[in-house]
file protein_2.cif (mmCIF, C-alpha atoms (C1' of nucleotides))
data_query
#
loop_
_atom_site.label_atom_id
_atom_site.label_comp_id
_atom_site.auth_asym_id
_atom_site.auth_seq_id
_atom_site.Cartn_x
_atom_site.Cartn_y
_atom_site.Cartn_z
CA MET A 1 135.99 -60.08 67.79
CA ALA A 2 132.60 -59.09 66.46
CA ALA A 3 131.00 -62.06 68.21
CA ALA A 4 132.31 -61.00 71.63
CA LYS A 5 131.12 -57.46 71.03
CA ASP A 6 127.70 -58.73 69.96
CA LYS A 7 127.35 -60.62 73.24
CA ASP A 8 128.29 -57.51 75.17
CA VAL A 9 125.68 -55.46 73.36
CA GLU A 10 123.11 -58.20 73.79
CA LYS A 11 123.71 -58.33 77.55
CA GLU A 12 123.69 -54.55 77.77
CA ILE A 13 120.33 -54.48 75.98
CA LEU A 14 119.00 -57.01 78.49
CA ARG A 15 120.34 -54.94 81.39
CA GLU A 16 118.81 -51.68 80.21
CA ALA A 17 115.53 -53.34 79.18
CA THR A 18 115.26 -54.89 82.65
CA ARG A 19 115.89 -51.54 84.29
CA LEU A 20 113.43 -49.63 82.09
CA PHE A 21 110.66 -52.26 82.08
CA ALA A 22 110.92 -52.39 85.88
CA ALA A 23 110.93 -48.59 86.23
CA ARG A 24 108.18 -47.64 83.76
CA GLY A 25 106.46 -50.84 82.71
CA LEU A 26 106.54 -52.74 79.42
CA GLU A 27 103.97 -50.73 77.45
CA ALA A 28 105.28 -47.40 78.71
CA THR A 29 108.82 -48.21 77.51
CA SER A 30 109.62 -47.80 73.82
CA LEU A 31 112.26 -49.83 72.04
CA GLN A 32 113.81 -46.50 71.10
CA GLU A 33 114.32 -45.68 74.79
CA VAL A 34 116.02 -49.02 75.37
CA ALA A 35 118.24 -48.53 72.31
CA ASP A 36 119.14 -44.98 73.41
CA ALA A 37 120.06 -46.22 76.89
CA VAL A 38 122.39 -48.82 75.36
CA GLY A 39 123.74 -46.42 72.74
CA VAL A 40 122.64 -48.32 69.63
CA LYS A 41 119.98 -47.81 67.00
CA LYS A 42 116.54 -49.25 67.60
CA GLN A 43 116.94 -51.36 64.47
CA SER A 44 120.11 -52.90 65.89
CA LEU A 45 118.22 -53.88 69.02
CA LEU A 46 115.69 -55.59 66.75
CA TYR A 47 118.55 -57.62 65.24
CA HIS A 48 119.31 -59.13 68.66
CA TYR A 49 115.69 -59.51 69.81
CA ALA A 50 112.99 -60.22 67.22
CA GLY A 51 110.55 -57.76 68.79
CA LYS A 52 109.25 -56.25 72.00
CA ASP A 53 107.63 -59.51 73.11
CA ALA A 54 110.89 -61.42 72.59
CA LEU A 55 112.79 -58.82 74.62
CA HIS A 56 110.18 -58.95 77.37
CA ARG A 57 110.37 -62.76 77.51
CA ALA A 58 114.18 -62.63 77.64
CA VAL A 59 114.04 -60.19 80.57
CA LEU A 60 111.66 -62.42 82.55
CA GLU A 61 113.65 -65.55 81.70
CA ALA A 62 116.88 -63.93 82.90
CA LEU A 63 115.22 -62.96 86.18
CA LEU A 64 113.71 -66.40 86.75
CA SER A 65 116.87 -68.26 85.82
CA ARG A 66 118.78 -66.15 88.39
CA TRP A 67 116.08 -67.12 90.89
CA ASN A 68 116.59 -70.79 90.09
CA GLU A 69 120.31 -70.30 90.75
CA THR A 70 119.57 -69.16 94.29
CA LEU A 71 117.37 -72.18 95.02
CA PRO A 72 120.35 -74.30 96.14
CA LEU A 73 121.21 -71.53 98.63
CA LEU A 74 117.63 -71.64 99.88
CA LEU A 75 117.73 -75.40 100.32
CA ARG A 76 121.03 -75.15 102.16
CA ALA A 77 119.47 -72.47 104.36
CA ALA A 78 116.50 -74.78 104.98
CA ALA A 79 118.85 -77.36 106.50
CA ARG A 80 120.03 -74.95 109.20
CA GLU A 81 118.52 -74.86 112.66
CA ASP A 82 117.16 -71.35 112.20
CA ARG A 83 115.79 -72.33 108.81
CA PHE A 84 112.95 -69.84 108.52
CA ASP A 85 115.10 -66.82 109.32
CA ALA A 86 117.74 -68.14 106.91
CA ILE A 87 115.28 -68.70 104.04
CA LEU A 88 113.76 -65.26 104.58
CA ASP A 89 117.24 -63.69 104.59
CA GLU A 90 118.08 -65.32 101.26
CA THR A 91 114.77 -64.24 99.73
CA ILE A 92 115.06 -60.65 100.93
CA GLY A 93 118.69 -60.60 99.74
CA PHE A 94 117.71 -61.73 96.26
CA PHE A 95 115.34 -58.81 95.77
CA VAL A 96 117.33 -56.17 97.67
CA GLU A 97 120.37 -57.04 95.54
CA ASP A 98 118.38 -55.80 92.51
CA PRO A 99 115.07 -54.09 93.31
CA SER A 100 114.18 -54.28 89.59
CA ARG A 101 113.34 -57.92 90.23
CA ALA A 102 110.61 -57.02 92.69
CA ARG A 103 109.23 -54.28 90.45
CA LEU A 104 109.18 -56.53 87.36
CA LEU A 105 107.30 -59.29 89.19
CA LEU A 106 104.81 -56.87 90.74
CA ARG A 107 104.19 -55.23 87.35
CA GLU A 108 103.75 -58.61 85.72
CA ALA A 109 101.16 -59.49 88.37
CA LEU A 110 99.30 -56.22 87.74
CA ASP A 111 99.61 -56.10 83.94
CA ARG A 112 99.34 -59.74 82.91
CA PRO A 113 97.73 -61.79 85.69
CA ASP A 114 97.49 -64.92 83.54
CA THR A 115 101.18 -64.86 82.56
CA MET A 116 102.05 -64.27 86.19
CA ARG A 117 99.90 -67.16 87.35
CA ALA A 118 101.81 -69.44 84.98
CA LEU A 119 105.17 -68.16 86.25
CA VAL A 120 104.07 -68.63 89.85
CA ALA A 121 102.92 -72.18 89.11
CA GLU A 122 106.26 -73.02 87.50
CA PHE A 123 108.78 -71.19 89.69
CA VAL A 124 107.16 -70.82 93.08
CA SER A 125 105.07 -73.95 93.53
CA PRO A 126 108.06 -76.34 93.85
CA TRP A 127 109.61 -74.77 96.91
CA LEU A 128 106.17 -73.71 98.20
CA ALA A 129 105.30 -77.38 98.62
CA VAL A 130 108.55 -78.08 100.50
CA LEU A 131 108.17 -75.02 102.72
CA SER A 132 104.50 -75.66 103.40
CA ASP A 133 105.17 -79.28 104.43
CA SER A 134 107.97 -78.11 106.69
CA ILE A 135 105.60 -75.67 108.41
CA LYS A 136 102.93 -78.35 108.87
CA LYS A 137 105.44 -80.76 110.43
CA ALA A 138 106.66 -78.05 112.81
CA GLN A 139 103.03 -77.38 113.74
CA GLY A 140 102.77 -81.04 114.76
CA LEU A 141 105.83 -80.57 116.99
CA GLY A 142 104.35 -77.42 118.53
CA THR A 143 107.22 -75.14 117.47
CA ILE A 144 105.01 -73.26 115.01
CA ARG A 145 101.67 -71.65 115.85
CA PRO A 146 98.75 -73.96 115.04
CA ASP A 147 96.63 -71.09 113.66
CA VAL A 148 99.04 -70.43 110.77
CA ASP A 149 97.64 -71.22 107.31
CA PRO A 150 100.94 -72.30 105.70
CA GLU A 151 100.19 -71.46 102.06
CA SER A 152 98.54 -68.13 102.86
CA TYR A 153 101.35 -67.28 105.27
CA ILE A 154 103.91 -67.73 102.47
CA VAL A 155 101.81 -65.48 100.22
CA MET A 156 101.89 -62.85 102.99
CA VAL A 157 105.68 -62.98 103.28
CA ILE A 158 106.05 -62.73 99.48
CA HIS A 159 103.86 -59.61 99.48
CA LEU A 160 105.81 -58.08 102.36
CA VAL A 161 109.12 -58.57 100.53
CA LEU A 162 107.95 -57.65 97.00
CA GLY A 163 105.88 -54.67 98.11
CA ASN A 164 108.49 -53.16 100.38
CA VAL A 165 111.37 -53.63 97.94
CA ALA A 166 109.42 -52.57 94.83
CA THR A 167 108.10 -49.35 96.35
CA ALA A 168 111.12 -48.63 98.54
CA GLY A 169 111.16 -45.01 99.54
CA THR A 170 107.50 -44.50 98.62
CA VAL A 171 105.05 -46.25 100.91
CA SER A 172 107.89 -46.80 103.37
CA SER A 173 108.67 -43.07 103.24
CA ILE A 174 106.00 -42.96 105.93
CA ALA A 175 108.49 -44.41 108.33
CA GLU A 176 111.76 -43.23 106.89
CA LYS A 177 112.91 -40.20 104.97
CA THR A 178 114.90 -42.30 102.51
CA ARG A 179 115.27 -40.57 99.17
CA GLY A 180 116.99 -43.32 97.19
CA SER A 181 115.53 -46.68 96.27
CA ARG A 182 117.22 -48.63 99.07
CA VAL A 183 115.03 -50.39 101.57
CA PRO A 184 115.53 -48.81 105.03
CA ASP A 185 117.01 -51.14 107.68
CA ARG A 186 114.12 -50.67 110.05
CA ILE A 187 111.72 -51.78 107.30
CA VAL A 188 113.79 -54.94 106.71
CA ARG A 189 113.88 -55.55 110.45
CA GLU A 190 110.10 -55.19 110.73
CA ILE A 191 109.54 -57.59 107.80
CA LYS A 192 111.65 -60.19 109.61
CA ARG A 193 110.09 -59.53 113.00
CA MET A 194 106.57 -59.77 111.62
CA ALA A 195 107.29 -62.92 109.61
CA ARG A 196 108.90 -64.58 112.65
CA THR A 197 106.34 -63.46 115.24
CA ALA A 198 103.36 -64.52 113.16
CA LEU A 199 104.92 -67.95 112.64
CA MET A 200 106.81 -69.15 115.72
CA ALA A 201 105.02 -70.49 118.77
CA ASP A 202 107.73 -69.12 121.06
CA ALA A 203 107.80 -65.66 119.49
CA THR A 204 106.67 -64.01 122.72
CA GLU A 205 110.10 -64.61 124.26
CA GLY A 206 111.18 -61.13 123.20
CA ARG A 207 108.27 -59.70 125.12
CA ARG A 208 108.95 -61.74 128.24
CA ALA A 209 112.58 -60.69 128.21
CA ALA A 210 111.51 -57.06 128.02
CA GLU A 211 109.20 -57.32 131.01
CA MET B 1 68.09 -31.91 80.79
CA ALA B 2 71.39 -31.54 78.99
CA ALA B 3 73.14 -30.58 82.23
CA ALA B 4 72.06 -33.75 84.05
CA LYS B 5 73.20 -35.88 81.11
CA ASP B 6 76.58 -34.10 81.12
CA LYS B 7 77.17 -35.05 84.73
CA ASP B 8 76.30 -38.64 83.94
CA VAL B 9 78.79 -38.79 81.09
CA GLU B 10 81.43 -37.09 83.20
CA LYS B 11 80.99 -39.60 86.03
CA GLU B 12 80.95 -42.48 83.57
CA ILE B 13 84.25 -41.27 82.08
CA LEU B 14 85.73 -41.15 85.58
CA ARG B 15 84.46 -44.66 86.31
CA GLU B 16 85.88 -46.19 83.13
CA ALA B 17 89.17 -44.28 83.39
CA THR B 18 89.58 -45.53 86.96
CA ARG B 19 88.94 -49.10 85.87
CA LEU B 20 91.27 -48.93 82.85
CA PHE B 21 94.11 -47.00 84.54
CA ALA B 22 93.99 -49.54 87.38
CA ALA B 23 93.92 -52.52 85.03
CA ARG B 24 96.54 -51.47 82.47
CA GLY B 25 98.28 -48.40 83.83
CA LEU B 26 98.11 -44.76 82.76
CA GLU B 27 100.54 -44.82 79.85
CA ALA B 28 99.23 -48.11 78.52
CA THR B 29 95.67 -46.75 78.34
CA SER B 30 94.70 -44.49 75.41
CA LEU B 31 92.04 -41.82 75.65
CA GLN B 32 90.37 -43.64 72.77
CA GLU B 33 90.01 -46.78 74.90
CA VAL B 34 88.41 -44.78 77.71
CA ALA B 35 86.07 -43.05 75.27
CA ASP B 36 85.15 -46.39 73.64
CA ALA B 37 84.39 -47.91 77.05
CA VAL B 38 82.03 -45.00 77.84
CA GLY B 39 80.49 -44.95 74.36
CA VAL B 40 81.41 -41.39 73.40
CA LYS B 41 83.94 -39.86 71.04
CA LYS B 42 87.43 -39.14 72.30
CA GLN B 43 86.86 -35.46 71.54
CA SER B 44 83.85 -35.41 73.83
CA LEU B 45 85.99 -36.87 76.58
CA LEU B 46 88.45 -34.04 75.97
CA TYR B 47 85.66 -31.53 76.44
CA HIS B 48 85.03 -32.85 79.97
CA TYR B 49 88.71 -33.33 80.87
CA ALA B 50 91.30 -30.99 79.35
CA GLY B 51 93.74 -33.81 78.67
CA LYS B 52 95.13 -37.10 79.89
CA ASP B 53 96.90 -35.49 82.84
CA ALA B 54 93.70 -33.80 83.98
CA LEU B 55 91.82 -37.11 83.73
CA HIS B 56 94.53 -38.87 85.70
CA ARG B 57 94.43 -36.24 88.44
CA ALA B 58 90.63 -36.45 88.60
CA VAL B 59 90.82 -40.23 89.04
CA LEU B 60 93.31 -39.96 91.91
CA GLU B 61 91.34 -37.14 93.54
CA ALA B 62 88.13 -39.17 93.41
CA LEU B 63 89.89 -42.11 95.05
CA LEU B 64 91.49 -40.01 97.77
CA SER B 65 88.32 -38.05 98.51
CA ARG B 66 86.49 -41.39 98.96
CA TRP B 67 89.27 -42.39 101.34
CA ASN B 68 88.80 -39.20 103.31
CA GLU B 69 85.11 -40.04 103.57
CA THR B 70 85.94 -43.31 105.32
CA LEU B 71 88.22 -41.62 107.85
CA PRO B 72 85.30 -40.91 110.23
CA LEU B 73 84.49 -44.63 110.11
CA LEU B 74 88.09 -45.39 110.99
CA LEU B 75 88.06 -42.98 113.92
CA ARG B 76 84.81 -44.46 115.17
CA ALA B 77 86.41 -47.90 114.84
CA ALA B 78 89.44 -46.63 116.78
CA ALA B 79 87.19 -45.85 119.76
CA ARG B 80 86.02 -49.46 120.07
CA GLU B 81 87.64 -51.89 122.47
CA ASP B 82 88.94 -54.11 119.67
CA ARG B 83 90.19 -51.03 117.84
CA PHE B 84 92.98 -52.60 115.81
CA ASP B 85 90.81 -55.35 114.39
CA ALA B 86 88.12 -52.78 113.63
CA ILE B 87 90.49 -50.36 111.88
CA LEU B 88 91.98 -53.20 109.84
CA ASP B 89 88.49 -54.39 108.87
CA GLU B 90 87.56 -50.90 107.65
CA THR B 91 90.79 -50.60 105.67
CA ILE B 92 90.48 -54.03 104.06
CA GLY B 93 86.84 -53.28 103.31
CA PHE B 94 87.71 -50.03 101.55
CA PHE B 95 90.03 -51.79 99.09
CA VAL B 96 88.06 -55.04 98.71
CA GLU B 97 84.96 -52.95 97.89
CA ASP B 98 86.81 -51.73 94.78
CA PRO B 99 90.14 -53.48 94.04
CA SER B 100 90.90 -50.77 91.45
CA ARG B 101 91.81 -48.57 94.40
CA ALA B 102 94.62 -50.89 95.47
CA ARG B 103 95.88 -51.29 91.90
CA LEU B 104 95.86 -47.54 91.23
CA LEU B 105 97.84 -46.79 94.37
CA LEU B 106 100.34 -49.57 93.74
CA ARG B 107 100.81 -48.43 90.14
CA GLU B 108 101.25 -44.84 91.27
CA ALA B 109 103.95 -45.98 93.70
CA LEU B 110 105.72 -47.90 90.92
CA ASP B 111 105.26 -45.37 88.09
CA ARG B 112 105.55 -42.01 89.86
CA PRO B 113 107.30 -42.44 93.22
CA ASP B 114 107.52 -38.68 93.81
CA THR B 115 103.81 -38.09 93.20
CA MET B 116 103.05 -41.03 95.45
CA ARG B 117 105.28 -39.73 98.22
CA ALA B 118 103.33 -36.46 98.14
CA LEU B 119 100.00 -38.31 98.29
CA VAL B 120 101.23 -40.44 101.17
CA ALA B 121 102.41 -37.36 103.05
CA GLU B 122 99.01 -35.70 102.60
CA PHE B 123 96.55 -38.55 103.00
CA VAL B 124 98.29 -41.15 105.14
CA SER B 125 100.43 -39.17 107.57
CA PRO B 126 97.48 -37.72 109.54
CA TRP B 127 96.03 -40.99 110.72
CA LEU B 128 99.48 -42.59 110.80
CA ALA B 129 100.41 -40.23 113.64
CA VAL B 130 97.23 -41.06 115.56
CA LEU B 131 97.65 -44.80 115.04
CA SER B 132 101.33 -44.74 115.86
CA ASP B 133 100.74 -42.85 119.13
CA SER B 134 98.01 -45.28 120.04
CA ILE B 135 100.40 -48.22 119.52
CA LYS B 136 103.11 -46.56 121.62
CA LYS B 137 100.68 -45.93 124.47
CA ALA B 138 99.52 -49.54 124.38
CA GLN B 139 103.16 -50.63 124.47
CA GLY B 140 103.51 -48.68 127.70
CA LEU B 141 100.50 -50.58 129.10
CA GLY B 142 101.98 -53.91 127.99
CA THR B 143 99.06 -54.85 125.74
CA ILE B 144 101.15 -54.49 122.58
CA ARG B 145 104.49 -56.22 122.00
CA PRO B 146 107.43 -53.93 122.89
CA ASP B 147 109.47 -55.04 119.86
CA VAL B 148 106.95 -53.56 117.38
CA ASP B 149 108.26 -50.58 115.38
CA PRO B 150 104.90 -48.72 115.07
CA GLU B 151 105.55 -46.80 111.84
CA SER B 152 107.17 -49.76 110.08
CA TYR B 153 104.43 -52.06 111.31
CA ILE B 154 101.79 -49.84 109.69
CA VAL B 155 103.78 -49.88 106.44
CA MET B 156 103.75 -53.70 106.62
CA VAL B 157 99.97 -53.84 107.03
CA ILE B 158 99.48 -51.42 104.14
CA HIS B 159 101.63 -53.64 101.93
CA LEU B 160 99.73 -56.76 103.00
CA VAL B 161 96.39 -55.19 102.14
CA LEU B 162 97.42 -53.39 98.93
CA GLY B 163 99.50 -56.29 97.59
CA ASN B 164 96.93 -58.98 98.27
CA VAL B 165 93.97 -56.98 96.94
CA ALA B 166 95.81 -55.59 93.89
CA THR B 167 97.14 -58.94 92.72
CA ALA B 168 94.19 -61.02 93.92
CA GLY B 169 94.15 -64.33 92.13
CA THR B 170 97.77 -64.03 91.00
CA VAL B 171 100.32 -64.32 93.78
CA SER B 172 97.57 -65.66 96.01
CA SER B 173 96.75 -68.28 93.36
CA ILE B 174 99.50 -70.20 95.15
CA ALA B 175 97.10 -70.83 97.96
CA GLU B 176 93.77 -70.71 96.21
CA LYS B 177 92.49 -71.61 92.75
CA THR B 178 90.48 -68.40 92.50
CA ARG B 179 89.94 -67.31 88.92
CA GLY B 180 88.20 -64.01 89.50
CA SER B 181 89.66 -60.92 91.07
CA ARG B 182 88.11 -61.48 94.49
CA VAL B 183 90.42 -61.90 97.45
CA PRO B 184 90.01 -65.42 98.84
CA ASP B 185 88.64 -65.60 102.42
CA ARG B 186 91.62 -67.55 103.71
CA ILE B 187 93.93 -64.81 102.42
CA VAL B 188 91.89 -62.15 104.23
CA ARG B 189 91.92 -64.29 107.37
CA GLU B 190 95.70 -64.70 107.20
CA ILE B 191 96.20 -60.93 106.72
CA LYS B 192 94.18 -60.33 109.89
CA ARG B 193 95.85 -63.14 111.82
CA MET B 194 99.33 -61.97 110.88
CA ALA B 195 98.58 -58.30 111.64
CA ARG B 196 97.09 -59.22 115.02
CA THR B 197 99.72 -61.78 116.04
CA ALA B 198 102.64 -59.53 115.15
CA LEU B 199 101.11 -56.71 117.20
CA MET B 200 99.34 -57.99 120.31
CA ALA B 201 101.22 -59.12 123.40
CA ASP B 202 98.56 -61.73 124.16
CA ALA B 203 98.37 -63.11 120.64
CA THR B 204 99.48 -66.57 121.77
CA GLU B 205 96.11 -67.17 123.41
CA GLY B 206 94.87 -68.92 120.27
CA ARG B 207 97.78 -71.32 120.54
CA ARG B 208 97.21 -72.01 124.22
CA ALA B 209 93.54 -72.71 123.60
CA ALA B 210 94.49 -75.18 120.89
CA GLU B 211 96.87 -77.12 123.12
"C1'" DC C 1 77.53 -15.56 74.19
"C1'" DC C 2 77.46 -21.02 76.05
"C1'" DT C 3 76.69 -26.38 76.08
"C1'" DA C 4 77.81 -30.75 74.34
"C1'" DC C 5 79.42 -32.78 71.05
"C1'" DC C 6 81.17 -34.36 65.80
"C1'" DG C 7 84.27 -35.50 61.60
"C1'" DA C 8 88.64 -34.63 60.25
"C1'" DT C 9 93.19 -33.83 60.82
"C1'" DC C 10 97.39 -31.69 63.24
"C1'" DG C 11 102.62 -32.93 64.28
"C1'" DG C 12 105.09 -36.91 66.16
"C1'" DT C 13 106.13 -41.49 67.35
"C1'" DA C 14 105.00 -46.44 68.09
"C1'" DG C 15 106.77 -51.39 66.77
"C1'" DG C 16 108.61 -53.64 63.10
"C1'" DC D 1 125.06 -53.51 63.58
"C1'" DC D 2 122.86 -49.12 60.23
"C1'" DT D 3 119.81 -46.60 56.56
"C1'" DA D 4 115.61 -46.04 54.80
"C1'" DC D 5 111.23 -46.64 55.49
"C1'" DC D 6 105.94 -48.85 56.36
"C1'" DG D 7 100.93 -48.95 58.39
"C1'" DA D 8 98.78 -47.51 62.65
"C1'" DT D 9 97.93 -45.04 66.24
"C1'" DC D 10 99.24 -41.66 69.92
"C1'" DG D 11 97.36 -37.22 72.60
"C1'" DG D 12 95.42 -33.18 71.35
"C1'" DT D 13 92.98 -29.39 68.49
"C1'" DA D 14 90.97 -27.16 64.27
"C1'" DG D 15 86.34 -25.21 62.43
"C1'" DG D 16 81.43 -25.79 62.58
#

call {"tool": "encode", "arguments": {"input": "protein_2.cif", "output": "structure tokens"}}
result
Amino acid sequence: MAAAKDKDVEKEILREATRLFAARGLEATSLQEVADAVGVKKQSLLYHYAGKDALHRAVLEALLSRWNETLPLLLRAAAREDRFDAILDETIGFFVEDPSRARLLLREALDRPDTMRALVAEFVSPWLAVLSDSIKKAQGLGTIRPDVDPESYIVMVIHLVLGNVATAGTVSSIAEKTRGSRVPDRIVREIKRMARTALMADATEGRRAAE
Amino acid sequence: MAAAKDKDVEKEILREATRLFAARGLEATSLQEVADAVGVKKQSLLYHYAGKDALHRAVLEALLSRWNETLPLLLRAAAREDRFDAILDETIGFFVEDPSRARLLLREALDRPDTMRALVAEFVSPWLAVLSDSIKKAQGLGTIRPDVDPESYIVMVIHLVLGNVATAGTVSSIAEKTRGSRVPDRIVREIKRMARTALMADATEGRRAAE
DNA sequence: CCTACCGATCGGTAGG
DNA sequence: CCTACCGATCGGTAGG
């Protein structure tokens, strides 16, 4: 029975550490705070995770392994006719489902650029190559604007999603009086509209219809 | 002579605090580190700034007062024919000139959402209203896409600029093997292209010319 | 009385 | 998982 309870505590530590690291940052969060949030002693936390670095690594690994789980969904979405909308929906959904993910990644990029670069190379590059090729092929067919720089465009969309989700209710409080940390619908709509318009060659259809 | 030297030290403290708070965050930076970077004792730093909070406030005030200085430039840019390109250029320039500005604001949004909301309300809302009205008028004239949500669109552009400048060489290392903290030219170009294409009704001209 | 500091140390807390 | 602790460093302040 102790083993099952240990696992529960271990997962609870990971949950609370994720939440606190995302909310305040790694260096601004003490192990004592994490232990208090779980309801155990700091020294018990150190039994499950060797130290702060180990806990930090475990938090990032949990996030990235969840991301790898959604990759099949992304690939399935990529097979659909409206593939770019579908991929964007899946990506937005992943971060909206738990905004801590966006905050953790943005903090990692700010606090430890070199670590982040390594994570990007390992977890983003694979599907970046696929997506980028797909954009280039569509440019050849004329369905995607020829002036799009595929790699840079993907960087833009990542920043739109991460930035808006991570700072939900702060920068976006310009447009919406949302108190909580949810991303307002009109912000999500504008992310999608902007991503689509800046990409698709026939994106002016909405304008023509409105005339 | 002592008075002139005091001002120098005080400005140097502000410079180094800005750099360190932007690079590591407020709570992860000790007053000792700031003092060491300046080359004075921590206690001398505490003579010039009553405490860490006072230093933090001074750093934000310096940033925001510099921003207010560039507002006339923005308004002058807004009078030009190509006003949206010009305003975007001025805004990108402000943050590229000192990437610490983007990092500080992004960290403030992550670390202290309520403080950030207040800063946004005070320093962004004024020109947001002007810009937003200008977009709505242009929508009436048909020069700007009718499906643009003006306020949300401006939030998007802010996130593109802040995110790309703050994490330069990290997320954007996908597209460019830039080691330093400079924003790669192709990233800046894609920010401008995306902002323009998603806004202007005649943004497909580039495509037509390429056909 | 004030300025621009210094060496030393305050009470608490950090990660381990 | 807890009790009993450590070397060090935190932001801030004492007298001079």

call {"tool": "residues_around", "arguments": {"input": "protein_2.cif", "residues": "DG12 in chain D", "least_positions_apart": "5", "cutoff": "9 Å", "atoms": "all atoms listed in the file", "output": "list in words"}}
result
Gln43, Leu46 and Gly51 of chain B; DC10 of chain C

call {"tool": "interface_residues", "arguments": {"input": "protein_2.cif", "of": "chain A", "to": "chain D", "cutoff": "9 Å", "atoms": "only C-alpha atoms (C1' of nucleotides)", "output": "list in words"}}
result
Asp6, Val40, Lys41, Gln43, Ser44, Leu45 and Tyr47 of chain A

call {"tool": "write_last_selection", "arguments": {"input": "protein_2.cif", "atoms": "C-alpha atoms", "output": "short mmCIF file (atom, residue, chain, number, x, y, z; two decimals), in the coordinates of the input"}}
result
data_model
loop_
_atom_site.label_atom_id
_atom_site.label_comp_id
_atom_site.auth_asym_id
_atom_site.auth_seq_id
_atom_site.Cartn_x
_atom_site.Cartn_y
_atom_site.Cartn_z
CA ASP A 6 127.70 -58.73 69.96
CA VAL A 40 122.64 -48.32 69.63
CA LYS A 41 119.98 -47.81 67.00
CA GLN A 43 116.94 -51.36 64.47
CA SER A 44 120.11 -52.90 65.89
CA LEU A 45 118.22 -53.88 69.02
CA TYR A 47 118.55 -57.62 65.24
#

call {"tool": "residues_around", "arguments": {"input": "protein_2.cif", "residues": "Thr91 in chain B", "least_positions_apart": "4", "cutoff": "8 Å", "atoms": "all atoms listed in the file", "output": "ChimeraX atom specification"}}
result
/B:74,87,95

call {"tool": "atom_distance", "arguments": {"input": "protein_2.cif", "atom1": "CA of Leu14 in chain B", "atom2": "CA of Glu61 in chain B"}}
result
10.5 Å

call {"tool": "resolve_selection", "arguments": {"input": "protein_2.cif", "expression": "the PyMOL selection byres ((chain B and resi 187-189) around 12)", "output": "count of residues only"}}
result
51

call {"tool": "axis_aligned_box", "arguments": {"input": "protein_2.cif", "around": "range 1-15 of chain C", "padding_each_side": "8 Å", "output": "JSON"}}
result
{"center_x": 91.7, "center_y": -33.5, "center_z": 68.2, "size_x": 46.1, "size_y": 51.8, "size_z": 31.8}

call {"tool": "atom_distance", "arguments": {"input": "protein_2.cif", "atom1": "CA of Leu31 in chain B", "atom2": "CA of Lys52 in chain B"}}
result
7.1 Å

call {"tool": "atom_distance", "arguments": {"input": "protein_2.cif", "atom1": "CA of Arg103 in chain B", "atom2": "CA of Phe123 in chain B"}}
result
16.9 Å
